[in-house]
$ cat coords-v2.cif   # mmCIF, C-alpha atoms
data_input
loop_
_atom_site.label_atom_id
_atom_site.label_comp_id
_atom_site.auth_asym_id
_atom_site.auth_seq_id
_atom_site.Cartn_x
_atom_site.Cartn_y
_atom_site.Cartn_z
CA MET A 24 -1.46 39.68 -8.12
CA THR A 25 0.40 42.15 -10.32
CA ALA A 26 3.53 41.31 -12.28
CA ASP A 27 5.67 43.33 -9.90
CA THR A 28 4.16 41.60 -6.88
CA GLY A 29 4.69 38.20 -8.44
CA ALA A 30 8.29 38.99 -9.31
CA ALA A 31 8.96 40.20 -5.77
CA ALA A 32 7.43 37.04 -4.29
CA SER A 33 9.49 34.87 -6.63
CA ALA A 34 12.66 36.74 -5.69
CA ALA A 35 11.85 36.37 -1.99
CA SER A 36 11.26 32.64 -2.47
CA ARG A 37 14.61 32.22 -4.22
CA ALA A 38 16.31 34.17 -1.45
CA ALA A 39 14.73 31.89 1.15
CA PHE A 40 15.90 28.82 -0.78
CA ARG A 41 19.48 30.16 -0.95
CA ALA A 42 19.36 30.93 2.76
CA GLY A 43 18.35 27.33 3.45
CA VAL A 44 21.26 26.08 1.37
CA LEU A 45 23.73 28.32 3.19
CA GLU A 46 22.24 27.41 6.58
CA CYS A 47 22.87 23.72 6.05
CA LEU A 48 26.28 23.93 4.39
CA THR A 49 27.77 24.08 7.89
CA LEU A 50 26.11 20.73 8.71
CA ILE A 51 27.66 18.87 5.79
CA PRO A 52 30.81 17.81 7.70
CA SER A 53 28.68 16.01 10.29
CA TYR A 54 27.16 13.87 7.52
CA VAL A 55 30.54 12.53 6.43
CA PRO A 56 31.21 10.04 9.26
CA PHE A 57 27.53 9.28 9.83
CA GLY A 58 26.90 8.51 6.16
CA LEU A 59 30.05 6.43 5.80
CA VAL A 60 29.11 4.33 8.82
CA CYS A 61 25.54 3.77 7.58
CA GLY A 62 26.78 2.85 4.11
CA VAL A 63 29.17 0.27 5.51
CA ALA A 64 26.47 -1.10 7.83
CA GLY A 65 24.05 -1.53 4.93
CA VAL A 66 26.52 -3.69 3.02
CA GLN A 67 27.40 -5.69 6.13
CA ALA A 68 23.69 -6.33 6.69
CA GLY A 69 23.49 -8.04 3.31
CA LEU A 70 21.78 -5.30 1.32
CA GLY A 71 24.62 -5.00 -1.17
CA GLU A 72 26.17 -1.76 -2.33
CA TRP A 73 23.23 -0.47 -4.34
CA GLY A 74 20.75 -1.69 -1.76
CA ALA A 75 22.56 0.35 0.90
CA VAL A 76 22.45 3.43 -1.35
CA ALA A 77 18.75 2.91 -2.07
CA LEU A 78 18.01 2.63 1.65
CA ALA A 79 19.77 5.95 2.27
CA ALA A 80 17.94 7.66 -0.61
CA PHE A 81 14.44 6.52 0.28
CA ALA A 82 14.67 6.38 4.07
CA PHE A 83 16.85 9.48 4.66
CA ALA A 84 17.03 8.64 8.36
CA GLY A 85 20.43 7.80 9.77
CA SER A 86 19.37 6.50 13.16
CA SER A 87 16.64 4.32 11.64
CA GLN A 88 19.06 2.99 9.04
CA ALA A 89 21.55 2.14 11.77
CA VAL A 90 18.95 0.29 13.85
CA LEU A 91 17.50 -1.55 10.85
CA THR A 92 20.89 -2.77 9.66
CA GLN A 93 21.88 -3.79 13.21
CA PHE A 94 18.79 -5.98 13.47
CA LEU A 95 19.41 -7.49 10.04
CA GLN A 96 23.01 -8.28 10.97
CA GLY A 97 21.71 -9.97 14.11
CA GLY A 98 19.48 -12.27 12.05
CA ALA A 99 16.16 -10.62 12.94
CA PRO A 100 13.25 -11.02 10.50
CA LEU A 101 12.91 -8.20 7.97
CA MET A 102 9.56 -7.04 9.39
CA ILE A 103 10.99 -6.76 12.91
CA ALA A 104 13.98 -4.79 11.58
CA VAL A 105 11.72 -2.39 9.66
CA LEU A 106 9.38 -1.88 12.61
CA SER A 107 12.35 -1.20 14.88
CA GLY A 108 13.60 1.46 12.48
CA LEU A 109 10.15 3.04 12.46
CA VAL A 110 10.00 3.07 16.26
CA VAL A 111 13.30 4.94 16.43
CA ASN A 112 11.90 7.50 13.99
CA LEU A 113 8.82 8.16 16.12
CA ARG A 114 10.51 11.35 17.31
CA MET A 115 9.50 12.76 13.92
CA ALA A 116 5.94 12.75 15.25
CA VAL A 117 7.12 15.24 17.89
CA TYR A 118 8.73 17.37 15.18
CA SER A 119 5.55 17.19 13.10
CA ALA A 120 3.47 18.39 16.02
CA ALA A 121 5.87 21.29 16.55
CA ILE A 122 5.48 22.59 13.00
CA SER A 123 1.87 21.58 12.33
CA SER A 124 0.36 24.93 13.30
CA ARG A 125 2.77 26.78 11.01
CA ILE A 126 1.91 24.77 7.91
CA ALA A 127 -1.83 24.48 8.53
CA GLY A 128 -2.53 26.26 5.26
CA ALA A 129 -0.16 24.15 3.17
CA THR A 130 -1.44 22.11 0.25
CA ARG A 131 -1.27 18.32 0.25
CA ARG A 132 1.74 18.40 -2.06
CA GLU A 133 3.54 20.85 0.21
CA ARG A 134 2.79 18.71 3.27
CA MET A 135 4.30 15.72 1.49
CA LEU A 136 7.47 17.72 0.86
CA TRP A 137 7.63 18.76 4.52
CA ALA A 138 7.24 15.10 5.55
CA ALA A 139 9.67 13.65 3.01
CA PHE A 140 12.67 15.64 4.21
CA LEU A 141 11.89 15.95 7.92
CA VAL A 142 15.03 14.92 9.77
CA ASP A 143 16.80 16.29 12.82
CA GLN A 144 18.95 18.69 10.83
CA THR A 145 16.20 20.15 8.64
CA PHE A 146 13.91 20.53 11.65
CA ILE A 147 16.53 22.28 13.76
CA SER A 148 17.56 24.54 10.88
CA ASN A 149 13.94 25.50 10.29
CA GLU A 150 13.42 26.16 14.01
CA THR A 151 16.49 28.39 14.02
CA ARG A 152 15.10 30.33 11.06
CA HIS A 153 11.73 30.68 12.80
CA GLN A 154 13.35 31.93 16.01
CA ARG A 155 15.22 34.57 14.01
CA GLY A 156 12.01 35.59 12.26
CA GLU A 157 13.54 35.23 8.81
CA HIS A 158 11.75 34.28 5.55
CA MET A 159 8.45 33.93 7.37
CA ASP A 160 6.49 34.20 4.11
CA HIS A 161 8.49 31.44 2.39
CA PRO A 162 9.26 28.76 4.99
CA LEU A 163 8.91 25.90 2.51
CA ALA A 164 11.45 27.44 0.15
CA PHE A 165 13.94 27.74 3.00
CA TYR A 166 13.17 24.17 4.08
CA LEU A 167 13.70 22.83 0.55
CA GLY A 168 17.00 24.69 0.40
CA CYS A 169 18.05 22.72 3.47
CA ALA A 170 16.86 19.46 1.91
CA PHE A 171 18.58 20.26 -1.41
CA THR A 172 21.86 20.57 0.46
CA LEU A 173 21.59 17.66 2.89
CA TRP A 174 19.76 14.87 1.05
CA PRO A 175 22.14 14.48 -1.93
CA TRP A 176 25.15 14.74 0.36
CA TRP A 177 23.71 12.06 2.65
CA VAL A 178 23.17 9.70 -0.28
CA LEU A 179 26.69 10.40 -1.58
CA MET A 180 28.32 9.66 1.79
CA ASN A 181 26.33 6.42 2.09
CA ALA A 182 27.42 5.46 -1.42
CA ILE A 183 31.08 6.07 -0.59
CA GLY A 184 30.68 4.04 2.59
CA ALA A 185 28.96 1.23 0.72
CA PHE A 186 31.46 0.96 -2.14
CA ALA A 187 34.69 1.89 -0.35
CA GLY A 188 33.87 1.43 3.33
CA ALA A 189 35.82 -1.79 3.65
CA LYS A 190 39.01 0.19 3.04
CA LEU A 191 38.38 2.65 5.89
CA PRO A 192 40.57 2.00 8.94
CA THR A 193 38.56 0.77 11.93
CA SER A 194 40.85 2.81 14.17
CA TRP A 195 39.12 5.99 12.98
CA GLN A 196 36.12 5.20 15.24
CA LEU A 197 33.73 7.21 13.05
CA GLU A 198 30.70 6.16 15.12
CA PHE A 199 31.82 8.47 17.94
CA THR A 200 31.32 11.56 15.77
CA ILE A 201 27.60 10.87 15.29
CA PRO A 202 26.37 12.01 18.74
CA LEU A 203 28.84 14.91 18.63
CA SER A 204 27.16 16.28 15.51
CA PHE A 205 23.77 16.30 17.25
CA VAL A 206 25.22 18.05 20.30
CA ALA A 207 26.72 20.74 18.07
CA MET A 208 23.33 21.37 16.46
CA VAL A 209 21.16 21.40 19.57
CA VAL A 210 23.25 23.34 22.10
CA PRO A 211 23.06 26.73 20.29
CA LEU A 212 19.25 26.50 20.36
CA LEU A 213 19.04 26.19 24.15
CA LYS A 214 18.23 29.71 25.26
CA SER A 215 15.54 29.53 27.97
CA ARG A 216 15.66 27.71 31.28
CA GLY A 217 12.89 25.41 30.12
CA GLN A 218 14.83 24.39 27.03
CA ILE A 219 18.04 23.81 28.97
CA LEU A 220 16.33 21.69 31.62
CA ALA A 221 14.41 19.78 28.95
CA ALA A 222 17.68 18.93 27.18
CA MET A 223 19.34 17.88 30.43
CA ALA A 224 16.36 15.75 31.50
CA GLY A 225 16.12 14.12 28.08
CA GLY A 226 19.85 13.39 28.05
CA VAL A 227 19.82 11.79 31.50
CA ALA A 228 16.71 9.78 30.63
CA GLY A 229 18.31 8.62 27.40
CA VAL A 230 21.28 7.21 29.29
CA LEU A 231 19.16 5.56 31.98
CA LEU A 232 16.66 4.09 29.50
CA TYR A 233 19.21 3.05 26.88
CA ALA A 234 18.62 -0.67 27.47
CA MET A 235 14.89 -0.57 26.73
CA PRO A 236 13.88 -2.98 23.93
CA LEU A 237 13.62 -1.88 20.30
CA LYS A 238 15.41 1.39 21.11
CA THR A 239 12.22 2.73 22.70
CA GLY A 240 14.34 4.36 25.39
CA LEU A 241 15.12 7.13 22.88
CA ILE A 242 11.43 7.85 22.38
CA ALA A 243 10.73 7.74 26.12
CA ALA A 244 13.62 10.14 26.74
CA CYS A 245 12.26 12.56 24.12
CA VAL A 246 8.82 12.49 25.72
CA PHE A 247 10.25 12.90 29.21
CA GLY A 248 12.46 15.82 28.21
CA THR A 249 9.55 17.51 26.42
CA CYS A 250 7.30 17.11 29.47
CA VAL A 251 9.98 18.55 31.76
CA GLY A 252 10.44 21.54 29.47
CA MET A 253 6.69 22.18 29.27
CA LEU A 254 6.35 21.86 33.05
CA VAL A 255 9.20 24.30 33.70
CA ASP A 256 7.83 26.81 31.19
CA THR A 257 4.38 26.58 32.77
CA MET A 258 5.76 27.09 36.28
CA LEU A 259 7.88 30.06 35.17
CA ALA A 260 4.93 31.61 33.36
CA LYS A 261 2.72 31.30 36.45
CA ARG A 262 5.45 32.76 38.64
CA ALA A 263 5.86 35.66 36.22
CA MET A 264 2.13 36.35 36.23
CA SER A 265 2.00 36.37 40.03
CA SER A 266 5.08 38.58 40.44
CA GLY A 267 4.70 40.70 37.33
CA ALA A 268 8.21 39.75 36.19
CA THR A 269 9.42 38.25 32.92
CA PRO A 270 10.51 34.57 33.17
#
$ encode --input "coords-v2.cif" --output "structure tokens"
Amino acid sequence: MTADTGAAASAASRAAFRAGVLECLTLIPSYVPFGLVCGVAGVQAGLGEWGAVALAAFAFAGSSQAVLTQFLQGGAPLMIAVLSGLVVNLRMAVYSAAISSRIAGATRRERMLWAAFLVDQTFISNETRHQRGEHMDHPLAFYLGCAFTLWPWWVLMNAIGAFAGAKLPTSWQLEFTIPLSFVAMVVPLLKSRGQILAAMAGGVAGVLLYAMPLKTGLIAACVFGTCVGMLVDTMLAKRAMSSGATP
């Protein structure tokens, strides 16, 4: 690699990182209510202020934090609470499978970075980038730009919730903004009929299976929605092949 080639690659990597930062700046407002709620819940669960902040920093998983603290508040054993949080985060296995083929050549260190910051927002932002065909030679740099923006902000919002959450008016109903933030992220990505039907099927299944133990209804809904989307795409592809049309 020549000096000019190396400089160009470095500049492209920095550009990808900046693009990741800019991509996720629009998601910061959604972290405000979610982080505040999780910070308050951590303190109410008996973790203390710094314990709640540490949980946010090391777990970086809002839904898992919420489930874990709910179980602790209900008097469940610590191991059961932790396992419940892990079950909720099983959807990350679906995300991992989605990106596995794209990072097949990554080093072990790079794979650890992909895993450490894999959350709904970083995954969706990276999928959006991939669909646009941008920064294809530096996906990790873009991904780390996303993480650099979201992770510190998440920890900060949890810290504010932990140390000042008791002063927040309960009438604000901040919990209601959490699902709205996910809707705002996912809807723009629904472009094909398969994706739209998958989202609708997963949403309906999530409502119907909400009462399943240990929050496993969320995982079942994800699997069901994915299967519906794959089935629809397969049927449309077969129909296109038989008719010579584009699905």
$ resolve_selection --input "coords-v2.cif" --expression "the PyMOL selection byres ((chain A and resi 79) around 8)" --output "list of chain:residue names"
A:Gly62, A:Ala75, A:Val76, A:Ala77, A:Leu78, A:Ala80, A:Phe81, A:Ala82, A:Phe83, A:Ala84, A:Gly85, A:Gln88, A:Trp177, A:Val178, A:Asn181
$ atom_distance --input "coords-v2.cif" --atom1 "CA of Gly248 in chain A" --atom2 "CA of Leu91 in chain A"
25.1 Å
$ atom_distance --input "coords-v2.cif" --atom1 "CA of Lys214 in chain A" --atom2 "CA of Ala121 in chain A"
17.3 Å
$ resolve_selection --input "coords-v2.cif" --expression "the PyMOL selection byres ((chain A and resi 122-131) around 10)" --output "list in words"
Val117, Tyr118, Ser119, Ala120, Ala121, Arg132, Glu133, Arg134, Met135, Leu136, Trp137, Phe146, Asn149, Glu150, His153, Met159, Pro162 and Leu163 of chain A
$ atom_distance --input "coords-v2.cif" --atom1 "CA of Arg41 in chain A" --atom2 "CA of Leu167 in chain A"
9.5 Å
$ axis_aligned_box --input "coords-v2.cif" --around "range 147-164 of chain A" --padding-each-side "4 Å" --output "lines of an AutoDock Vina configuration file"
center_x = 12.0
center_y = 28.9
center_z = 8.1
size_x = 19.1
size_y = 21.3
size_z = 23.9
$ closest_residue --input "coords-v2.cif" --among "A:Thr172, A:Ser36, A:Ser215, A:Ser86" --to "Cys61 in chain A" --atoms "all atoms listed in the file"
A:Ser86
$ closest_residue --input "coords-v2.cif" --among "A:Gln154, A:Thr145, A:Leu101, A:Ala164" --to "Ala42 in chain A" --atoms "only C-alpha atoms"
A:Ala164
$ closest_residue --input "coords-v2.cif" --among "A:Pro56, A:Val66, A:Thr151, A:Gly29" --to "Leu213 in chain A" --atoms "all atoms listed in the file"
A:Thr151
$ closest_residue --input "coords-v2.cif" --among "A:Gly252, A:Gly58, A:Gly188, A:Gly240" --to "Ile219 in chain A" --atoms "only C-alpha atoms"
A:Gly252
$ closest_residue --input "coords-v2.cif" --among "A:Phe186, A:Met235, A:Ala221, A:Ala228" --to "Thr249 in chain A" --atoms "all atoms listed in the file"
A:Ala221
$ closest_residue --input "coords-v2.cif" --among "A:Val142, A:Ala244, A:Met264, A:Val227" --to "Ser87 in chain A" --atoms "all atoms listed in the file"
A:Val142
$ resolve_selection --input "coords-v2.cif" --expression "the PyMOL selection byres ((chain A and resi 51) around 9)" --output "MDAnalysis selection string"
chainID A and resid 47:50 52:55 172:173 176:177
